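J.: Next comes input-v2.tsv, TSV, C-alpha atoms and all ligand atoms:
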chain	number	residue	atom	x	y	z
X	977	MET	CA	75.03	-13.85	-4.29
X	978	ALA	CA	73.76	-14.35	-0.71
X	979	LYS	CA	76.14	-16.36	1.47
X	980	LYS	CA	74.84	-19.83	2.45
X	981	ILE	CA	74.51	-20.40	6.19
X	982	ASN	CA	75.63	-23.77	7.37
X	983	PRO	CA	72.69	-25.50	9.20
X	984	LYS	CA	74.71	-26.12	12.39
X	985	GLN	CA	75.66	-22.45	12.57
X	986	PHE	CA	72.02	-21.49	11.96
X	987	LEU	CA	70.81	-23.67	14.85
X	988	ARG	CA	73.44	-22.18	17.16
X	989	ILE	CA	72.34	-18.62	16.29
X	990	GLN	CA	68.68	-19.61	16.82
X	991	ASN	CA	69.51	-21.12	20.22
X	992	LEU	CA	71.38	-17.99	21.25
X	993	ASN	CA	68.48	-15.77	20.16
X	994	SER	CA	65.87	-17.76	22.10
X	995	MET	CA	68.07	-18.07	25.23
X	996	LYS	CA	67.38	-15.84	28.23
X	997	LYS	CA	69.95	-13.06	28.10
X	998	VAL	CA	71.74	-12.18	31.31
X	999	TYR	CA	73.30	-8.75	31.04
X	1000	LEU	CA	75.82	-8.13	33.81
X	1001	ASP	CA	78.09	-5.69	31.99
X	1002	ASN	CA	76.51	-2.41	33.05
X	1003	ALA	CA	79.83	-0.64	33.63
X	1004	SER	CA	80.40	-1.07	29.93
X	1005	THR	CA	77.02	0.28	28.84
X	1006	THR	CA	73.41	0.10	29.99
X	1007	ALA	CA	69.97	-0.65	28.53
X	1008	LEU	CA	67.88	2.46	27.89
X	1009	TYR	CA	64.96	3.43	30.12
X	1010	PRO	CA	61.75	2.96	28.06
X	1011	GLU	CA	60.85	6.58	28.96
X	1012	VAL	CA	64.12	7.73	27.35
X	1013	ILE	CA	63.30	5.87	24.14
X	1014	ALA	CA	59.82	7.48	24.12
X	1015	GLU	CA	61.27	10.97	24.67
X	1016	MET	CA	63.90	10.54	21.96
X	1017	THR	CA	61.40	9.09	19.48
X	1018	LYS	CA	59.09	12.07	19.99
X	1019	ILE	CA	61.92	14.52	19.44
X	1020	LEU	CA	63.23	12.68	16.36
X	1021	THR	CA	59.73	12.66	14.90
X	1022	GLU	CA	58.42	16.08	15.81
X	1023	ASP	CA	61.16	18.35	17.12
X	1024	TYR	CA	63.72	18.05	14.35
X	1025	GLY	CA	64.58	21.74	14.06
X	1026	ASN	CA	68.14	23.00	14.27
X	1027	PRO	CA	68.51	24.87	17.58
X	1028	SER	CA	70.49	27.60	15.81
X	1029	SER	CA	67.61	28.38	13.38
X	1030	THR	CA	65.44	31.37	14.23
X	1031	HIS	CA	62.11	29.94	12.99
X	1032	SER	CA	59.68	28.27	15.37
X	1033	LEU	CA	60.99	24.71	14.79
X	1034	GLY	CA	64.48	25.96	15.58
X	1035	ARG	CA	63.30	27.89	18.65
X	1036	ASN	CA	61.48	24.78	19.85
X	1037	ALA	CA	64.68	22.72	19.52
X	1038	LYS	CA	66.63	25.45	21.32
X	1039	SER	CA	64.15	25.38	24.17
X	1040	ILE	CA	64.51	21.56	24.50
X	1041	LEU	CA	68.28	22.00	24.52
X	1042	GLU	CA	68.28	24.66	27.24
X	1043	LEU	CA	65.71	22.86	29.40
X	1044	SER	CA	67.88	19.73	29.22
X	1045	ARG	CA	70.94	21.74	30.25
X	1046	LYS	CA	69.05	23.26	33.19
X	1047	SER	CA	67.76	19.90	34.33
X	1048	ILE	CA	71.23	18.27	34.18
X	1049	ALA	CA	72.80	21.20	36.04
X	1050	LYS	CA	70.19	20.96	38.81
X	1051	HIS	CA	71.07	17.31	39.50
X	1052	ILE	CA	74.71	18.13	40.25
X	1053	ASN	CA	74.02	21.54	41.82
X	1054	ALA	CA	75.79	23.49	39.07
X	1055	THR	CA	74.55	26.37	36.94
X	1056	ALA	CA	73.29	25.68	33.42
X	1057	SER	CA	76.09	27.74	31.84
X	1058	GLU	CA	78.64	25.35	33.38
X	1059	ILE	CA	77.31	22.36	31.37
X	1060	ILE	CA	78.78	21.82	27.89
X	1061	PHE	CA	77.44	18.97	25.76
X	1062	THR	CA	79.93	16.65	24.07
X	1063	SER	CA	79.70	13.46	22.01
X	1064	CYS	CA	80.91	11.22	24.86
X	1065	GLY	CA	82.97	10.98	28.03
X	1066	THR	CA	86.17	10.40	26.07
X	1067	GLU	CA	85.76	13.69	24.20
X	1068	ALA	CA	85.04	15.60	27.41
X	1069	ASN	CA	88.16	14.16	29.12
X	1070	ASN	CA	90.34	14.96	26.09
X	1071	TRP	CA	89.02	18.50	25.82
X	1072	ILE	CA	89.56	19.38	29.47
X	1073	MET	CA	93.06	17.92	29.71
X	1074	ARG	CA	94.27	19.30	26.39
X	1075	SER	CA	92.95	22.80	26.99
X	1076	ALA	CA	94.34	22.81	30.54
X	1077	VAL	CA	97.81	22.27	29.02
X	1078	LYS	CA	97.49	24.29	25.80
X	1079	ASP	CA	95.45	27.25	27.03
X	1080	LEU	CA	95.77	27.33	30.83
X	1081	LYS	CA	99.51	26.59	30.58
X	1082	THR	CA	99.49	23.66	32.98
X	1083	LYS	CA	103.02	22.31	33.28
X	1084	ARG	CA	102.23	19.06	35.00
X	1085	ILE	CA	99.44	16.45	35.13
X	1086	ILE	CA	99.11	14.26	38.19
X	1087	THR	CA	97.03	11.19	37.49
X	1088	SER	CA	97.16	7.45	38.33
X	1089	LYS	CA	97.96	4.28	36.43
X	1090	ILE	CA	94.42	2.96	37.07
X	1091	GLU	CA	92.59	5.67	35.11
X	1092	HIS	CA	90.51	4.88	32.04
X	1093	HIS	CA	92.51	5.09	28.81
X	1094	ALA	CA	90.53	8.21	27.87
X	1095	VAL	CA	92.59	9.94	30.58
X	1096	LEU	CA	95.80	7.86	30.64
X	1097	HIS	CA	96.43	7.98	26.89
X	1098	THR	CA	95.54	11.68	26.77
X	1099	ALA	CA	98.08	12.43	29.51
X	1100	MET	CA	100.74	10.47	27.57
X	1101	ALA	CA	99.92	12.26	24.29
X	1102	LEU	CA	100.17	15.65	26.01
X	1103	GLN	CA	103.46	14.67	27.60
X	1104	ASN	CA	104.84	13.86	24.13
X	1105	GLU	CA	103.44	16.96	22.45
X	1106	TYR	CA	104.07	19.61	25.11
X	1107	ALA	CA	106.89	18.04	27.13
X	1108	ILE	CA	104.87	18.47	30.32
X	1109	GLN	CA	105.62	16.43	33.43
X	1110	VAL	CA	103.27	13.53	34.20
X	1111	ASP	CA	103.32	12.08	37.71
X	1112	TYR	CA	101.36	9.06	38.94
X	1113	VAL	CA	99.84	8.75	42.40
X	1114	LYS	CA	100.73	5.41	44.02
X	1115	VAL	CA	98.05	2.69	43.99
X	1116	LYS	CA	97.63	0.55	47.11
X	1117	PRO	CA	97.06	-3.24	46.71
X	1118	ASN	CA	93.39	-2.70	47.64
X	1119	GLY	CA	92.94	-0.38	44.66
X	1120	GLU	CA	92.78	2.86	46.66
X	1121	LEU	CA	95.04	5.77	45.82
X	1122	ASP	CA	97.66	6.91	48.29
X	1123	LEU	CA	96.50	10.46	49.04
X	1124	THR	CA	99.57	11.18	51.21
X	1125	HIS	CA	101.62	10.57	48.08
X	1126	LEU	CA	99.33	12.95	46.14
X	1127	ALA	CA	100.00	15.70	48.70
X	1128	GLU	CA	103.74	14.96	48.52
X	1129	LEU	CA	103.71	15.24	44.72
X	1130	LEU	CA	101.80	18.51	44.96
X	1131	SER	CA	104.34	19.99	47.36
X	1132	GLU	CA	106.56	20.56	44.30
X	1133	GLU	CA	105.29	23.94	43.13
X	1134	LYS	CA	104.26	23.85	39.50
X	1135	LYS	CA	101.05	24.74	37.64
X	1136	THR	CA	99.22	21.39	37.90
X	1137	LEU	CA	96.09	19.60	36.75
X	1138	VAL	CA	95.15	16.65	38.97
X	1139	SER	CA	93.11	14.12	37.01
X	1140	LEU	CA	91.72	11.27	39.12
X	1141	MET	CA	88.57	9.28	38.50
X	1142	HIS	CA	85.72	9.02	41.02
X	1143	VAL	CA	84.70	5.36	40.62
X	1144	ASN	CA	87.09	2.99	38.90
X	1145	ASN	CA	85.38	1.31	35.94
X	1146	GLU	CA	87.14	-2.03	36.43
X	1147	THR	CA	87.15	-2.56	40.18
X	1148	GLY	CA	84.67	-0.01	41.52
X	1149	THR	CA	87.14	1.51	44.01
X	1150	ILE	CA	85.99	4.95	45.10
X	1151	LEU	CA	87.96	8.19	45.37
X	1152	ASP	CA	87.08	10.58	48.18
X	1153	LEU	CA	86.24	13.61	46.03
X	1154	ASP	CA	85.90	15.96	49.03
X	1155	ARG	CA	89.32	15.05	50.38
X	1156	VAL	CA	91.05	15.31	46.99
X	1157	SER	CA	89.35	18.66	46.18
X	1158	GLN	CA	90.61	19.94	49.52
X	1159	ILE	CA	94.18	18.75	48.86
X	1160	CYS	CA	94.09	20.36	45.39
X	1161	GLN	CA	92.80	23.65	46.80
X	1162	GLU	CA	95.53	23.68	49.46
X	1163	HIS	CA	98.12	23.35	46.68
X	1164	ASN	CA	96.45	25.62	44.15
X	1165	ALA	CA	96.02	22.80	41.66
X	1166	LEU	CA	93.14	22.33	39.22
X	1167	PHE	CA	91.10	19.19	39.83
X	1168	HIS	CA	89.49	17.17	37.04
X	1169	SER	CA	87.58	14.01	37.87
X	1170	ASP	CA	86.34	11.42	35.37
X	1171	THR	CA	82.92	10.78	36.91
X	1172	VAL	CA	81.64	8.64	34.03
X	1173	GLN	CA	80.95	5.65	36.32
X	1174	SER	CA	79.29	7.61	39.12
X	1175	ILE	CA	77.08	10.27	37.52
X	1176	GLY	CA	73.49	9.04	37.71
X	1177	LYS	CA	74.51	6.49	40.34
X	1178	SER	CA	75.51	8.72	43.24
X	1179	LYS	CA	74.83	12.23	44.46
X	1180	ILE	CA	77.41	14.85	43.52
X	1181	ASP	CA	76.98	18.38	44.82
X	1182	LEU	CA	79.36	20.73	43.04
X	1183	GLN	CA	78.60	23.60	45.40
X	1184	LYS	CA	79.87	21.53	48.32
X	1185	THR	CA	82.70	19.76	46.47
X	1186	PRO	CA	84.94	22.27	44.71
X	1187	ILE	CA	86.00	20.17	41.69
X	1188	ASP	CA	86.93	22.24	38.63
X	1189	PHE	CA	85.91	19.79	35.92
X	1190	ILE	CA	83.85	16.61	35.76
X	1191	VAL	CA	82.59	14.54	32.84
X	1192	ALA	CA	79.64	12.23	32.17
X	1193	SER	CA	78.47	9.80	29.52
X	1194	ALA	CA	74.73	9.15	29.02
X	1195	HIS	CA	75.02	5.50	28.03
X	1196	LYS	CA	76.35	4.59	31.48
X	1197	PHE	CA	73.08	5.65	33.17
X	1198	HIS	CA	70.45	4.19	30.82
X	1199	GLY	CA	70.62	7.02	28.30
X	1200	PRO	CA	71.75	6.94	24.66
X	1201	LYS	CA	75.25	6.35	23.35
X	1202	GLY	CA	76.96	9.21	21.54
X	1203	THR	CA	76.32	11.96	24.05
X	1204	GLY	CA	77.84	13.22	27.27
X	1205	PHE	CA	78.70	16.43	29.01
X	1206	ALA	CA	81.49	18.31	30.70
X	1207	PHE	CA	81.03	20.46	33.78
X	1208	ILE	CA	83.42	23.38	33.48
X	1209	ARG	CA	83.46	25.63	36.53
X	1210	LYS	CA	82.64	29.26	35.77
X	1211	ASN	CA	85.55	31.36	34.46
X	1212	ALA	CA	87.84	28.34	34.10
X	1213	GLY	CA	89.01	29.71	30.76
X	1214	LEU	CA	88.96	26.52	28.66
X	1215	GLN	CA	89.22	27.07	24.88
X	1216	PRO	CA	87.68	24.86	22.16
X	1217	LEU	CA	89.30	21.69	20.89
X	1218	PHE	CA	88.04	22.37	17.37
X	1219	PHE	CA	86.45	25.30	15.58
X	1220	GLY	CA	83.19	26.03	13.80
X	1221	GLY	CA	79.91	27.71	14.72
X	1222	GLU	CA	78.69	29.41	17.86
X	1223	GLN	CA	77.09	26.31	19.41
X	1224	GLU	CA	77.82	25.76	23.11
X	1225	LYS	CA	79.08	29.35	23.28
X	1226	GLY	CA	81.70	28.45	20.68
X	1227	VAL	CA	83.61	26.11	22.98
X	1228	ARG	CA	82.13	22.97	21.42
X	1229	PRO	CA	80.91	23.81	17.91
X	1230	GLY	CA	78.69	21.48	15.86
X	1231	THR	CA	74.90	21.13	15.58
X	1232	GLU	CA	73.63	19.79	18.87
X	1233	ALA	CA	72.11	16.25	18.84
X	1234	ILE	CA	68.90	17.39	20.51
X	1235	HIS	CA	67.31	13.92	20.75
X	1236	GLN	CA	70.44	12.50	22.41
X	1237	ILE	CA	70.80	15.42	24.81
X	1238	ALA	CA	67.12	15.34	25.83
X	1239	GLY	CA	67.43	11.54	26.23
X	1240	MET	CA	70.44	12.06	28.49
X	1241	ALA	CA	68.58	14.67	30.59
X	1242	LYS	CA	65.60	12.31	30.95
X	1243	ALA	CA	67.91	9.40	31.91
X	1244	LEU	CA	69.62	11.50	34.57
X	1245	GLU	CA	66.30	12.70	35.94
X	1246	LEU	CA	65.01	9.11	36.24
X	1247	SER	CA	68.28	7.83	37.67
X	1248	ASN	CA	68.25	10.48	40.38
X	1249	GLN	CA	64.58	10.00	41.08
X	1250	ASN	CA	65.14	6.24	41.63
X	1251	LEU	CA	68.62	6.50	43.16
X	1252	GLU	CA	67.79	5.47	46.72
X	1253	THR	CA	65.64	2.44	45.88
X	1254	ASP	CA	67.81	1.32	42.97
X	1255	SER	CA	71.10	1.57	44.85
X	1256	VAL	CA	69.75	-0.46	47.79
X	1257	TYR	CA	68.37	-3.08	45.40
X	1258	ILE	CA	71.58	-3.26	43.33
X	1259	ALA	CA	73.72	-3.50	46.49
X	1260	SER	CA	71.57	-6.45	47.58
X	1261	LEU	CA	72.23	-8.19	44.24
X	1262	LYS	CA	75.95	-7.64	44.73
X	1263	ALA	CA	75.80	-9.05	48.28
X	1264	TYR	CA	73.86	-12.07	46.99
X	1265	THR	CA	76.50	-12.66	44.28
X	1266	ILE	CA	79.27	-12.57	46.88
X	1267	GLU	CA	77.40	-15.08	49.06
X	1268	LYS	CA	76.88	-17.41	46.09
X	1269	LEU	CA	80.54	-17.15	45.09
X	1270	LYS	CA	81.59	-17.96	48.66
X	1271	VAL	CA	79.56	-21.17	48.56
X	1272	ASN	CA	80.57	-22.27	45.06
X	1273	PHE	CA	84.12	-20.91	44.75
X	1274	PRO	CA	85.36	-20.68	48.37
X	1275	ASP	CA	88.81	-19.41	47.37
X	1276	PHE	CA	87.64	-16.58	45.12
X	1277	LYS	CA	89.02	-13.09	45.77
X	1278	ILE	CA	87.40	-9.68	45.41
X	1279	ASN	CA	89.70	-7.21	43.67
X	1280	GLY	CA	89.41	-3.87	45.42
X	1281	GLU	CA	88.09	-2.86	48.83
X	1282	ASN	CA	85.02	-0.79	49.76
X	1283	THR	CA	83.94	-0.86	46.14
X	1284	PHE	CA	80.98	0.88	44.48
X	1285	TYR	CA	77.61	-0.83	44.89
X	1286	ASN	CA	77.16	-1.81	41.24
X	1287	LEU	CA	80.61	-3.29	40.54
X	1288	LEU	CA	82.26	-6.53	41.55
X	1289	ASN	CA	85.63	-7.63	40.18
X	1290	VAL	CA	86.67	-11.12	41.21
X	1291	THR	CA	89.54	-13.51	40.65
X	1292	LEU	CA	88.25	-17.07	40.39
X	1293	PRO	CA	90.08	-20.12	41.74
X	1294	LEU	CA	90.10	-21.77	38.30
X	1295	ASP	CA	92.93	-23.02	36.18
X	1296	GLU	CA	94.97	-20.33	34.40
X	1297	SER	CA	94.26	-22.04	31.08
X	1298	LYS	CA	90.62	-20.95	31.42
X	1299	THR	CA	91.46	-17.24	31.49
X	1300	SER	CA	91.06	-16.57	27.80
X	1301	MET	CA	87.95	-18.72	27.28
X	1302	ILE	CA	85.82	-17.88	30.30
X	1303	LEU	CA	84.00	-14.93	28.70
X	1304	PHE	CA	83.40	-16.96	25.55
X	1305	HIS	CA	81.89	-19.88	27.52
X	1306	LEU	CA	79.60	-17.54	29.45
X	1307	ASP	CA	78.62	-15.77	26.23
X	1308	MET	CA	77.59	-19.10	24.69
X	1309	LYS	CA	75.18	-19.44	27.62
X	1310	GLY	CA	73.76	-15.95	26.97
X	1311	ILE	CA	75.62	-14.34	29.89
X	1312	ALA	CA	77.41	-11.03	29.32
X	1313	VAL	CA	80.16	-10.01	31.75
X	1314	SER	CA	83.60	-8.65	30.99
X	1315	ARG	CA	87.18	-8.71	32.12
X	1316	GLY	CA	87.80	-4.98	32.27
X	1317	SER	CA	86.85	-1.97	30.24
X	1318	ALA	CA	84.86	-2.74	27.08
X	1319	CYS	CA	87.63	-1.46	24.83
X	1320	GLN	CA	89.96	-4.21	26.02
X	1321	SER	CA	87.54	-6.96	26.99
X	1322	GLY	CA	88.17	-8.79	23.72
X	1323	SER	CA	91.86	-8.98	24.46
X	1324	ILE	CA	93.67	-11.47	26.65
X	1325	ARG	CA	96.19	-8.86	27.78
X	1326	PRO	CA	95.89	-8.45	31.54
X	1327	SER	CA	94.06	-5.37	32.72
X	1328	HIS	CA	96.27	-2.31	33.28
X	1329	VAL	CA	94.24	-1.63	36.44
X	1330	LEU	CA	94.66	-5.07	38.00
X	1331	ALA	CA	98.33	-5.02	36.99
X	1332	GLU	CA	98.78	-2.18	39.51
X	1333	MET	CA	97.08	-4.12	42.30
X	1334	LEU	CA	97.74	-7.85	41.99
X	1335	SER	CA	100.80	-10.09	42.15
X	1336	PRO	CA	102.04	-11.43	38.77
X	1337	ASN	CA	100.70	-14.87	39.73
X	1338	ASP	CA	97.22	-13.64	40.63
X	1339	LEU	CA	97.15	-11.59	37.47
X	1340	LYS	CA	97.33	-14.77	35.37
X	1341	LYS	CA	94.26	-16.29	37.04
X	1342	PRO	CA	90.80	-15.88	35.50
X	1343	ASN	CA	89.09	-12.71	36.63
X	1344	ILE	CA	85.74	-11.21	35.68
X	1345	ARG	CA	84.00	-7.90	36.20
X	1346	ILE	CA	80.33	-8.24	37.08
X	1347	SER	CA	78.43	-4.95	36.91
X	1348	PHE	CA	74.79	-4.70	37.88
X	1349	SER	CA	71.80	-2.48	37.16
X	1350	HIS	CA	68.25	-2.23	38.50
X	1351	PHE	CA	67.13	-4.35	35.50
X	1352	ASN	CA	68.95	-7.40	36.93
X	1353	THR	CA	67.31	-10.09	39.06
X	1354	ILE	CA	68.34	-12.84	41.47
X	1355	GLU	CA	67.65	-15.30	38.64
X	1356	ASP	CA	70.36	-13.57	36.57
X	1357	ILE	CA	72.86	-14.17	39.36
X	1358	ASP	CA	71.85	-17.82	39.72
X	1359	LEU	CA	72.37	-18.30	35.97
X	1360	LEU	CA	75.78	-16.62	36.17
X	1361	ILE	CA	76.89	-18.90	39.00
X	1362	GLU	CA	75.62	-22.00	37.16
X	1363	GLY	CA	77.45	-20.75	34.05
X	1364	LEU	CA	80.69	-20.28	35.97
X	1365	LYS	CA	80.42	-23.73	37.55
X	1366	ASN	CA	80.32	-25.24	34.06
X	1367	CYS	CA	83.18	-23.20	32.63
K	1	LIG	N1	85.80	7.04	31.61
K	1	LIG	C1	85.36	5.93	32.23
K	1	LIG	C2	85.65	5.75	33.68
K	1	LIG	C3	84.62	4.97	31.53
K	1	LIG	O1	84.21	3.87	32.16
K	1	LIG	C4	84.37	5.18	30.16
K	1	LIG	C5	83.65	4.16	29.38
K	1	LIG	O2	83.90	2.98	29.49
K	1	LIG	C6	84.82	6.36	29.57
K	1	LIG	C7	85.53	7.27	30.32
K	1	LIG	C8	84.56	6.66	28.14
K	1	LIG	O3	83.24	7.10	27.98
K	1	LIG	P1	82.57	7.12	26.53
K	1	LIG	O4	82.19	5.72	26.21
K	1	LIG	O5	81.37	8.00	26.68
K	1	LIG	O6	83.56	7.70	25.61
Re-express the file's structure as structure tokens.
T.:
Amino acid sequence: MAKKINPKQFLRIQNLNSMKKVYLDNASTTALYPEVIAEMTKILTEDYGNPSSTHSLGRNAKSILELSRKSIAKHINATASEIIFTSCGTEANNWIMRSAVKDLKTKRIITSKIEHHAVLHTAMALQNEYAIQVDYVKVKPNGELDLTHLAELLSEEKKTLVSLMHVNNETGTILDLDRVSQICQEHNALFHSDTVQSIGKSKIDLQKTPIDFIVASAHKFHGPKGTGFAFIRKNAGLQPLFFGGEQEKGVRPGTEAIHQIAGMAKALELSNQNLETDSVYIASLKAYTIEKLKVNFPDFKINGENTFYNLLNVTLPLDESKTSMILFHLDMKGIAVSRGSACQSGSIRPSHVLAEMLSPNDLKKPNIRISFSHFNTIEDIDLLIEGLKNC
């Protein structure tokens, strides 16, 4: 029997549906480009062959797959054979780190306590399983990593994988990839960077920056969920995480999701094409938000310094009791922001990233992560500020 909806509940759902939605959680995921939806719909409808089949439908799918690989490689100045498709950024991070330990016989991972859990929890699991050493680079109060400490850690000679993210997904602090690659080269260490938050939003040239491994996730740059890629520098020697067919040269078996991969390639192409205009526009939205916060919440604090143009993490001068309800109140007004990474935004546990940067007292205060995209407008920001004032 169908469940009866109580009339009050029904009205609330109707109100929410007709309300203007303000989406300011783009570090969590992004809306798709219409062109990506069109491309994926065409492929789902017409190009449904299996790329491993030898008939013409299969060959057509194979050609879409390889053209997507070539296009993605071009945007980061890599070769097509260095791009391996995965189901997401988490898978790519897990694969690289696990194979570095299991197959490349890495004895130590150097990472930081502000990494995404896809890296942090993988490092901990590998430490338990393989008894490797895991060291953490010190985090400064402004969210930057202490690169002198990284060099000090590396002075202990041991086969090492350094795993440090490019743009932090909670605060937007930026790692100097050139500097860290150089330090790793000087100490003969492998360098893996989780670039999930920066691919499609900044230029990365892998000929100029000698990183060994990077990873990306399509849904962070207006592509589909459920697909990503790993860049594995030529002759790195990584072995598969699981076994099956010959897809992806046997290092990542499983029938390729052609529509997702082509959607990802299209999203990256559009993101790069629009990068200059979009980044200037998004930075102006961020600056406007800061100005508005200054006027309405004079004692607010920005968490992190010199942060990425699409991310703003702030502590608000509101009562501690509001911490757990602030997202709910904004949500009731149709405004989506978050408190940290999506996986923990439903929890009231303090962020593991902010815990490394803030005093215990500041950590208790309400904080939100506002993350912008080119789809946002000044009106969105005004609605957010009004929403916060009424929290
Ligand atoms: N790494 C970072 C920095 C992220 O922000 C995320 C997603 O939130 C991931 C990894 C995981 O990516 P995916 O959702 O594709 O598994």
J.: Any idea what's packed within 9 Å of stretch 1100-1103 of chain X, counting all atoms listed in the file, ignoring anything in its chain fewer than 2 positions away? Could you give it as a list in words?
T.: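 The neighbour list is Met1073, Arg1074, Val1077, Arg1084, Ile1085, Val1095, Leu1096, His1097, Thr1098, Glu1105, Tyr1106, Ala1107, Ile1108, Gln1109 and Val1110 of chain X.
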J.: Residues at most 6 Å from X:His1142, counting only C-alpha atoms, excluding those fewer than 2 positions away in the same chain, as a PyMOL selection string?
T.: chain X and resi 1150-1151+1171
J.: Would you save the residues from that selection as a short mmCIF file (atom, residue, chain, number, x, y, z; two decimals), keeping the file's coordinate frame, using C-alpha atoms?
T.:
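Output file part-v7.cif follows:
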data_model
loop_
_atom_site.label_atom_id
_atom_site.label_comp_id
_atom_site.auth_asym_id
_atom_site.auth_seq_id
_atom_site.Cartn_x
_atom_site.Cartn_y
_atom_site.Cartn_z
CA ILE X 1150 85.99 4.95 45.10
CA LEU X 1151 87.96 8.19 45.37
CA THR X 1171 82.92 10.78 36.91
#
J.: Tell me, in Å to one decimal, how far atom CA of X:Ser1057 is from atom CA of X:Arg1045.
T.: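 Computed distance, atom CA of X:Ser1057 to atom CA of X:Arg1045, equals 8.1 Å.
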J.: Show me, as a Markdown table, the residues of chain X having an atom within 6 Å of ligand LIG 1 (chain K), each with the closest atom pair and its distance in Å, using only C-alpha atoms and all ligand atoms.
T.:
| residue | atom | partner | partner_atom | distance |
| --- | --- | --- | --- | --- |
| X:Ser1004 | CA | K:LIG1 | O2 | 5.4 |
| X:Cys1064 | CA | K:LIG1 | O5 | 3.7 |
| X:Gly1065 | CA | K:LIG1 | O5 | 3.6 |
| X:Thr1066 | CA | K:LIG1 | O6 | 3.8 |
| X:His1092 | CA | K:LIG1 | N1 | 5.2 |
| X:Ala1094 | CA | K:LIG1 | C7 | 5.6 |
| X:Asn1145 | CA | K:LIG1 | O1 | 4.7 |
| X:Asp1170 | CA | K:LIG1 | N1 | 5.8 |
| X:Val1172 | CA | K:LIG1 | C1 | 4.9 |
| X:Gln1173 | CA | K:LIG1 | C2 | 5.4 |
| X:Ser1193 | CA | K:LIG1 | O5 | 4.4 |
| X:Ser1317 | CA | K:LIG1 | O2 | 5.8 |
J.: Mind listing as a PyMOL selection string all residues within 10 Å of (91.7, 12.3, 40.7), counting all atoms listed in the file?
T.: chain X and resi 1086-1088+1091+1113+1121+1123+1126+1137-1143+1151-1153+1156-1157+1160+1167-1171+1187
J.: With C-alpha atoms kept, could you save the residues just selected as a PDB file, in the frame of the given file?
T.:
ATOM      1  CA  ILE X1086      99.110  14.260  38.190  1.00  0.00           C
ATOM      2  CA  THR X1087      97.030  11.190  37.490  1.00  0.00           C
ATOM      3  CA  SER X1088      97.160   7.450  38.330  1.00  0.00           C
ATOM      4  CA  GLU X1091      92.590   5.670  35.110  1.00  0.00           C
ATOM      5  CA  VAL X1113      99.840   8.750  42.400  1.00  0.00           C
ATOM      6  CA  LEU X1121      95.040   5.770  45.820  1.00  0.00           C
ATOM      7  CA  LEU X1123      96.500  10.460  49.040  1.00  0.00           C
ATOM      8  CA  LEU X1126      99.330  12.950  46.140  1.00  0.00           C
ATOM      9  CA  LEU X1137      96.090  19.600  36.750  1.00  0.00           C
ATOM     10  CA  VAL X1138      95.150  16.650  38.970  1.00  0.00           C
ATOM     11  CA  SER X1139      93.110  14.120  37.010  1.00  0.00           C
ATOM     12  CA  LEU X1140      91.720  11.270  39.120  1.00  0.00           C
ATOM     13  CA  MET X1141      88.570   9.280  38.500  1.00  0.00           C
ATOM     14  CA  HIS X1142      85.720   9.020  41.020  1.00  0.00           C
ATOM     15  CA  VAL X1143      84.700   5.360  40.620  1.00  0.00           C
ATOM     16  CA  LEU X1151      87.960   8.190  45.370  1.00  0.00           C
ATOM     17  CA  ASP X1152      87.080  10.580  48.180  1.00  0.00           C
ATOM     18  CA  LEU X1153      86.240  13.610  46.030  1.00  0.00           C
ATOM     19  CA  VAL X1156      91.050  15.310  46.990  1.00  0.00           C
ATOM     20  CA  SER X1157      89.350  18.660  46.180  1.00  0.00           C
ATOM     21  CA  CYS X1160      94.090  20.360  45.390  1.00  0.00           C
ATOM     22  CA  PHE X1167      91.100  19.190  39.830  1.00  0.00           C
ATOM     23  CA  HIS X1168      89.490  17.170  37.040  1.00  0.00           C
ATOM     24  CA  SER X1169      87.580  14.010  37.870  1.00  0.00           C
ATOM     25  CA  ASP X1170      86.340  11.420  35.370  1.00  0.00           C
ATOM     26  CA  THR X1171      82.920  10.780  36.910  1.00  0.00           C
ATOM     27  CA  ILE X1187      86.000  20.170  41.690  1.00  0.00           C
TER      28      ILE X1187
END
J.: Using all atoms listed in the file for the distances, tell me which of X:Asn1352, X:Gln1215, X:Gln1158, X:Asn1337 is nearest to X:Asp1188.
T.: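 When distances to X:Asp1188 are compared using all atoms listed in the file, the smallest one comes from X:Gln1158.
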J.: Taking a cut-off of 7 Å and counting only C-alpha atoms, can you build a table that, for each residue of stretch 1020-1061 of chain X near stretch 1233-1252 of chain X, reports the nearest atom pair and how far apart they are in Å (one decimal), sorted by chain then residue number, as a Markdown table?
T.:
| residue | atom | partner | partner_atom | distance |
| --- | --- | --- | --- | --- |
| X:Leu1020 | CA | X:His1235 | CA | 6.1 |
| X:Ala1037 | CA | X:Ile1234 | CA | 6.9 |
| X:Ile1040 | CA | X:Ala1238 | CA | 6.9 |
| X:Leu1041 | CA | X:Ile1234 | CA | 6.1 |
| X:Ser1044 | CA | X:Ala1241 | CA | 5.3 |
| X:Ser1047 | CA | X:Ala1241 | CA | 6.5 |
| X:Ile1048 | CA | X:Ala1241 | CA | 5.7 |
J.: Atom CA of X:Lys1179 and atom CA of X:Ala1056, how far apart in Å?
T.: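 Going from atom CA of X:Ala1056 over to atom CA of X:Lys1179 covers 17.5 Å.
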